[in-house]
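Asks: Handing you a structure now.
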Amino acid sequence: QIEKATIDFANQIKTKINSEEKTETLLKTDQKVLARITDGIYRHAYSALRELICNSYDADATEIYIDTDVPLFRTITVRDNGNGMSIDTLSNVLHHIGGSAKRNHQKKDLGIFDQKDATLSPIKKRKLIGKIGIGLFSVAQLTRDFTIVTKQKGDDYYLIADIKLNNYSEEMIRQFEKRGEDFDTGIVYVYTQKTSNIEAHGTDIILKNLKQSAIDQLRSIDIWQQSISEDFELLGKPERPSYHIGEIDTDNNELLEDNAVLPWGTDLSPEEKYASLYSQLLKQPNPSYSLNLDNYLQMLWILGLSLPLKYIDISPYDLKLGDSKYIYHIQNNGKSPKKIEAENQNVKICELLGFSKNYDDDFVVFIDGVKLSRPIKYLDKADSSAQFSENAYFFGKFEPDFSNFESKETGGKLKFEAFIKWSPKILPKEHRGVCIRIHGASGALFDQDFMKWQLAEYVLKSQIMVEINILEGFESALNIDRESFNIAHPHYQLVMRWLHLALRQVVSAVKSKRSEIRQEINTKAQKEKTSVYENIVSEIKTPFYDNDIPTTKVEVVKQVVEQKAGIVSLSKKDFEASTYNTQKNLDSKILPRLNAIVGVLDKFNLLENLSENQKNELIKALIKIISYKE
């Protein structure tokens, strides 16, 4: 019945092309649960825009322009230069809410995907990242009144659909479920307008009469009310955002535009504005986009993180070997990570390891004159007084062999690549964790628990950022809102286990480097102290000693085999037993002073007549005195 309704509706529209006569139909869902989409399965305004942008990406758009009517937010327009929709495609969308035709081989005639591979876009062969059936109606988060204007290259008309979505209560949904009926999700009027611009192609989605709740969210009403409300006195008022599109007069919920504090100047280019957003945020003490930015600016930041866009700076896959002394390859056998080395320091890591990009060079998004980028800089270093303050980078990939298992057990093929950055401090703090991208796009942002990684050292979690790019599989592990995962899915479990294995290698490598640096520092300090004390002893001249001959030295060894001339060897065990302090590496602190005292005694000829045993007892006594700490 649904397929017949789809075909009949498309045929009705075709008979009225360029007449501007409207054709009407009811919107129905394929599955009862999907009627709840119109009540907003997404939690944030940016979620709806993300889904629309993903659909544009899948339609081979290279440019997307979004006008949010900031700061009024009465109407939002999303415009792309993609392939556009045919009458048949639009009719299919309207009759299959939540039932995307993407990746459905039976719908190959709709031109939504490549004829040979249903996972690719029709022209640019991009990996599909959206679900047009759900994504289109995610706009219910913002409004129930919107218009689609779409056109394919070669058509002499624009195809226009005016859509009004219904409201549903829980009681109404239960009644429908009881009777086993499909839901009428809304009503649509479709018509065409003639044009002479044959070459034009793309889709506009115009969101009208935005819900007051959506407007309030974009204006950050919640933030401003909490910042002045007396109800938050005991809990501690949240800080005012450092940057915002205007304060709110909470007496009448009016936006005070004149008080806006934007992170960019009006004379900057669209690309420079986003770069300024990034740099100004990171100048804040302990920067946090959820605290320092209002909801609108947060939306720009989060959309940059979510989409397959170019990085604001160098991509991790464009890092060269010479960019860091600490670049490692994660080993899937669980052993220590292998340091990547090559004679050519200009070679890219992705070329050495065969990695793929997780962004598209030929895809740009503008929102209100700001060009979005992925707000991550891998070469940035946080100011730190830590002994090991360099960045360390870890690359890994995994493709499990499922040849001995049925796909219903494994969830199908799985292939992914991962990039891990260790830094003394990851900034902003919301970037600490792991972000899983499917073909470069993500609904869920950074998981700061690292997929339930059990690690007692909390500080280390604040020093690690992970991006996992899924190349194949994992889509069925996404929940319907695409902002959370089914953690019981086999693909999620496999990625989680690999991640924890990789993180153990990261921690091991970092701890090893820290230990190495501490040892170098201690050795250097000991040499400096030894040099000072040696100078003091060398300046002492006595008639009892030939000043050209080295004085007696004390050394601490693991086990004494034999005593050498001019050296008193003491075992590590005897040394530690002689001290009044249990600190590690105490010998490096005591030995320079001990040798200076022994050297003075030697210069005054006070060791000459002592037996080896007496020398040992004397030195042990000196150790007790020197190591004693009041």
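A note on labels: chains of the structure tokens are A, B, ... as shown, every chain counts residues from 1, and ligands are counted from 1 in their shown order.
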Report as a PyMOL selection string all protein, DNA and RNA residues lying within 7 Å of stretch 313-318 of chain A, evaluated on only C-alpha atoms, omitting residues in the same chain fewer than 3 positions from it.

Replies: chain A and resi 348-350+357+377-378

Asks: Run DSSP on the backbone and give me the residues of stretch 444-599 of chain A it puts in alpha helix (DSSP H), as a PyMOL selection string.

Replies: chain A and resi 458-461+490-539+572-578+586-599

Asks: Taking only C-alpha atoms into account, name the residue in A:Val70, A:Leu256, A:Leu570, A:Ile312 that is nearest to A:Ser276.

Replies: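 Among A:Val70, A:Leu256, A:Leu570, A:Ile312, it is A:Ile312 that comes nearest to A:Ser276.
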
Asks: At what distance in Å, to one decimal, does atom CA of A:Asp574 lie from atom CA of A:Lys558?

Replies: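 Rounded to one decimal, the two atoms are 9.8 Å apart.
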
Asks: Within 6 Å of stretch 185-199 of chain A, counting only C-alpha atoms, which residues qualify if same-chain residues fewer than 5 places away don't, as a ChimeraX atom specification?

Replies: /A:17-18,20-28,153-166

Asks: Atoms to include: N, CA, C and O atoms. Write the selected residues as a tab-separated table (two decimals), in the first residue's frame.

Replies:
chain	number	residue	atom	x	y	z
A	17	ILE	N	2.97	19.63	-13.37
A	17	ILE	CA	4.23	20.36	-13.46
A	17	ILE	C	4.03	21.73	-14.10
A	17	ILE	O	3.36	21.86	-15.13
A	18	ASN	N	4.59	22.75	-13.45
A	18	ASN	CA	4.56	24.15	-13.91
A	18	ASN	C	3.18	24.79	-13.86
A	18	ASN	O	3.00	25.92	-14.35
A	20	GLU	N	1.67	25.12	-10.88
A	20	GLU	CA	1.64	25.62	-9.51
A	20	GLU	C	0.41	25.14	-8.74
A	20	GLU	O	0.10	25.64	-7.66
A	21	GLU	N	-0.30	24.14	-9.29
A	21	GLU	CA	-1.43	23.53	-8.57
A	21	GLU	C	-0.88	22.56	-7.54
A	21	GLU	O	0.01	21.77	-7.83
A	22	LYS	N	-1.41	22.60	-6.34
A	22	LYS	CA	-0.87	21.81	-5.25
A	22	LYS	C	-1.48	20.41	-5.21
A	22	LYS	O	-2.68	20.23	-5.45
A	23	THR	N	-0.62	19.45	-4.86
A	23	THR	CA	-1.05	18.07	-4.64
A	23	THR	C	-0.87	17.76	-3.16
A	23	THR	O	0.18	18.02	-2.59
A	24	GLU	N	-1.89	17.19	-2.56
A	24	GLU	CA	-1.88	17.00	-1.10
A	24	GLU	C	-1.78	15.52	-0.75
A	24	GLU	O	-2.32	14.66	-1.45
A	25	THR	N	-1.05	15.23	0.34
A	25	THR	CA	-0.99	13.87	0.86
A	25	THR	C	-0.73	13.91	2.35
A	25	THR	O	-0.24	14.91	2.88
A	26	LEU	N	-1.08	12.81	3.01
A	26	LEU	CA	-0.79	12.66	4.44
A	26	LEU	C	0.58	12.01	4.59
A	26	LEU	O	0.97	11.14	3.80
A	27	LEU	N	1.32	12.42	5.61
A	27	LEU	CA	2.58	11.77	5.93
A	27	LEU	C	2.30	10.63	6.88
A	27	LEU	O	1.58	10.79	7.88
A	28	LYS	N	2.86	9.48	6.61
A	28	LYS	CA	2.68	8.32	7.48
A	28	LYS	C	4.03	7.70	7.80
A	28	LYS	O	4.98	7.80	7.02
A	153	LYS	N	19.52	19.19	-11.81
A	153	LYS	CA	20.08	19.79	-13.03
A	153	LYS	C	19.34	19.27	-14.25
A	153	LYS	O	19.09	18.06	-14.39
A	154	GLY	N	18.94	20.18	-15.13
A	154	GLY	CA	18.21	19.79	-16.35
A	154	GLY	C	16.72	20.00	-16.25
A	154	GLY	O	16.04	20.09	-17.28
A	155	ASP	N	16.17	20.06	-15.04
A	155	ASP	CA	14.73	20.32	-14.87
A	155	ASP	C	14.44	21.80	-15.11
A	155	ASP	O	15.27	22.67	-14.78
A	156	ASP	N	13.26	22.10	-15.65
A	156	ASP	CA	12.88	23.49	-15.87
A	156	ASP	C	11.90	23.98	-14.81
A	156	ASP	O	11.11	24.88	-15.04
A	157	TYR	N	11.91	23.33	-13.65
A	157	TYR	CA	11.00	23.72	-12.57
A	157	TYR	C	11.66	23.44	-11.21
A	157	TYR	O	12.57	22.61	-11.10
A	158	TYR	N	11.20	24.21	-10.22
A	158	TYR	CA	11.54	23.93	-8.83
A	158	TYR	C	10.41	23.09	-8.23
A	158	TYR	O	9.23	23.38	-8.46
A	159	LEU	N	10.78	22.08	-7.48
A	159	LEU	CA	9.81	21.22	-6.80
A	159	LEU	C	9.69	21.70	-5.36
A	159	LEU	O	10.70	21.79	-4.64
A	160	ILE	N	8.47	22.04	-4.94
A	160	ILE	CA	8.28	22.67	-3.63
A	160	ILE	C	7.30	21.85	-2.80
A	160	ILE	O	6.24	21.44	-3.31
A	161	ALA	N	7.66	21.61	-1.55
A	161	ALA	CA	6.79	20.87	-0.63
A	161	ALA	C	6.61	21.68	0.65
A	161	ALA	O	7.60	21.98	1.33
A	162	ASP	N	5.36	22.05	0.95
A	162	ASP	CA	5.04	22.70	2.22
A	162	ASP	C	4.56	21.64	3.19
A	162	ASP	O	3.58	20.92	2.90
A	163	ILE	N	5.23	21.53	4.33
A	163	ILE	CA	4.97	20.43	5.26
A	163	ILE	C	4.56	20.98	6.62
A	163	ILE	O	5.17	21.90	7.14
A	164	LYS	N	3.51	20.38	7.16
A	164	LYS	CA	3.07	20.71	8.52
A	164	LYS	C	2.97	19.41	9.30
A	164	LYS	O	2.22	18.50	8.92
A	165	LEU	N	3.74	19.31	10.38
A	165	LEU	CA	3.77	18.11	11.20
A	165	LEU	C	2.76	18.21	12.33
A	165	LEU	O	2.47	19.30	12.83
A	166	ASN	N	2.25	17.05	12.74
A	166	ASN	CA	1.28	17.00	13.83
A	166	ASN	C	1.95	16.91	15.18
A	166	ASN	O	3.11	16.48	15.30

Asks: What is the distance between atom CA of A:Asp362 and atom CA of A:Thr62, in Å to one decimal?

Replies: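 Calculated distance between atom CA of A:Asp362 and atom CA of A:Thr62 is 5.8 Å.
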
Asks: Would you return as a count of residues only the members of stretch 167-405 of chain A that DSSP assigns to strand (DSSP E or B) on this structure's backbone?

Replies: 50

Asks: Contacts of A:Phe395 at 7 Å or less, counting only C-alpha atoms, minus same-chain residues fewer than 2 places along, as an mmCIF file with all heavy atoms, in the first residue's frame?

Replies:
data_model
loop_
_atom_site.group_PDB
_atom_site.id
_atom_site.type_symbol
_atom_site.label_atom_id
_atom_site.label_comp_id
_atom_site.auth_asym_id
_atom_site.auth_seq_id
_atom_site.Cartn_x
_atom_site.Cartn_y
_atom_site.Cartn_z
ATOM 1 N N TYR A 328 54.167 6.866 17.554
ATOM 2 C CA TYR A 328 54.169 5.413 17.775
ATOM 3 C C TYR A 328 53.071 4.734 16.972
ATOM 4 O O TYR A 328 52.068 5.337 16.607
ATOM 5 C CB TYR A 328 53.945 5.104 19.257
ATOM 6 C CG TYR A 328 54.958 5.704 20.198
ATOM 7 C CD1 TYR A 328 54.797 7.001 20.687
ATOM 8 C CD2 TYR A 328 56.065 4.974 20.611
ATOM 9 C CE1 TYR A 328 55.719 7.558 21.564
ATOM 10 C CE2 TYR A 328 56.991 5.518 21.486
ATOM 11 C CZ TYR A 328 56.820 6.813 21.955
ATOM 12 O OH TYR A 328 57.729 7.362 22.820
ATOM 13 N N HIS A 329 53.282 3.445 16.745
ATOM 14 C CA HIS A 329 52.290 2.597 16.076
ATOM 15 C C HIS A 329 51.748 1.610 17.110
ATOM 16 O O HIS A 329 52.504 0.831 17.694
ATOM 17 C CB HIS A 329 52.947 1.842 14.913
ATOM 18 C CG HIS A 329 51.976 1.086 14.069
ATOM 19 N ND1 HIS A 329 52.349 0.099 13.187
ATOM 20 C CD2 HIS A 329 50.616 1.170 13.973
ATOM 21 C CE1 HIS A 329 51.294 -0.388 12.588
ATOM 22 N NE2 HIS A 329 50.219 0.246 13.048
ATOM 23 N N ILE A 330 50.421 1.660 17.352
ATOM 24 C CA ILE A 330 49.783 0.742 18.298
ATOM 25 C C ILE A 330 49.860 -0.677 17.750
ATOM 26 O O ILE A 330 49.543 -0.932 16.586
ATOM 27 C CB ILE A 330 48.312 1.138 18.528
ATOM 28 C CG1 ILE A 330 48.214 2.509 19.187
ATOM 29 C CG2 ILE A 330 47.593 0.088 19.379
ATOM 30 C CD1 ILE A 330 48.771 2.576 20.580
ATOM 31 N N TYR A 393 52.144 10.997 19.912
ATOM 32 C CA TYR A 393 51.084 10.626 18.975
ATOM 33 C C TYR A 393 51.126 9.121 18.727
ATOM 34 O O TYR A 393 52.191 8.534 18.533
ATOM 35 C CB TYR A 393 51.254 11.379 17.656
ATOM 36 C CG TYR A 393 51.312 12.883 17.836
ATOM 37 C CD1 TYR A 393 52.546 13.556 17.879
ATOM 38 C CD2 TYR A 393 50.166 13.631 17.990
ATOM 39 C CE1 TYR A 393 52.599 14.930 18.059
ATOM 40 C CE2 TYR A 393 50.216 15.007 18.164
ATOM 41 C CZ TYR A 393 51.428 15.653 18.196
ATOM 42 O OH TYR A 393 51.484 17.007 18.377
ATOM 43 N N ALA A 418 42.509 4.593 14.123
ATOM 44 C CA ALA A 418 42.437 5.423 15.327
ATOM 45 C C ALA A 418 43.673 6.292 15.449
ATOM 46 O O ALA A 418 44.776 5.899 15.047
ATOM 47 C CB ALA A 418 42.290 4.551 16.566
ATOM 48 N N PHE A 419 43.453 7.453 16.002
ATOM 49 C CA PHE A 419 44.543 8.388 16.268
ATOM 50 C C PHE A 419 44.426 8.857 17.702
ATOM 51 O O PHE A 419 43.350 9.266 18.144
ATOM 52 C CB PHE A 419 44.467 9.577 15.320
ATOM 53 C CG PHE A 419 45.579 10.562 15.534
ATOM 54 C CD1 PHE A 419 46.819 10.334 14.994
ATOM 55 C CD2 PHE A 419 45.378 11.691 16.296
ATOM 56 C CE1 PHE A 419 47.857 11.226 15.207
ATOM 57 C CE2 PHE A 419 46.399 12.597 16.516
ATOM 58 C CZ PHE A 419 47.654 12.358 15.967
ATOM 59 N N ILE A 420 45.521 8.778 18.444
ATOM 60 C CA ILE A 420 45.524 9.142 19.860
ATOM 61 C C ILE A 420 46.593 10.204 20.101
ATOM 62 O O ILE A 420 47.742 10.053 19.682
ATOM 63 C CB ILE A 420 45.808 7.910 20.753
ATOM 64 C CG1 ILE A 420 44.789 6.795 20.466
ATOM 65 C CG2 ILE A 420 45.771 8.298 22.233
ATOM 66 C CD1 ILE A 420 45.078 5.495 21.199
#

Asks: At a cut-off of 7 Å, using only C-alpha atoms, what residues contact stretch 385-390 of chain A? Leave out same-chain residues fewer than 3 positions from it and give the result as a list in words.

Replies: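 So, after excluding close chain neighbours, the residues are Ser423, Pro424 and Arg514 of chain A.
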
Asks: Measure the distance from atom CA of A:Leu478 to atom CA of A:Ser403 in Å and round it to one decimal.

Replies: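 Atom-to-atom, atom CA of A:Leu478 to atom CA of A:Ser403, that is 23.8 Å.
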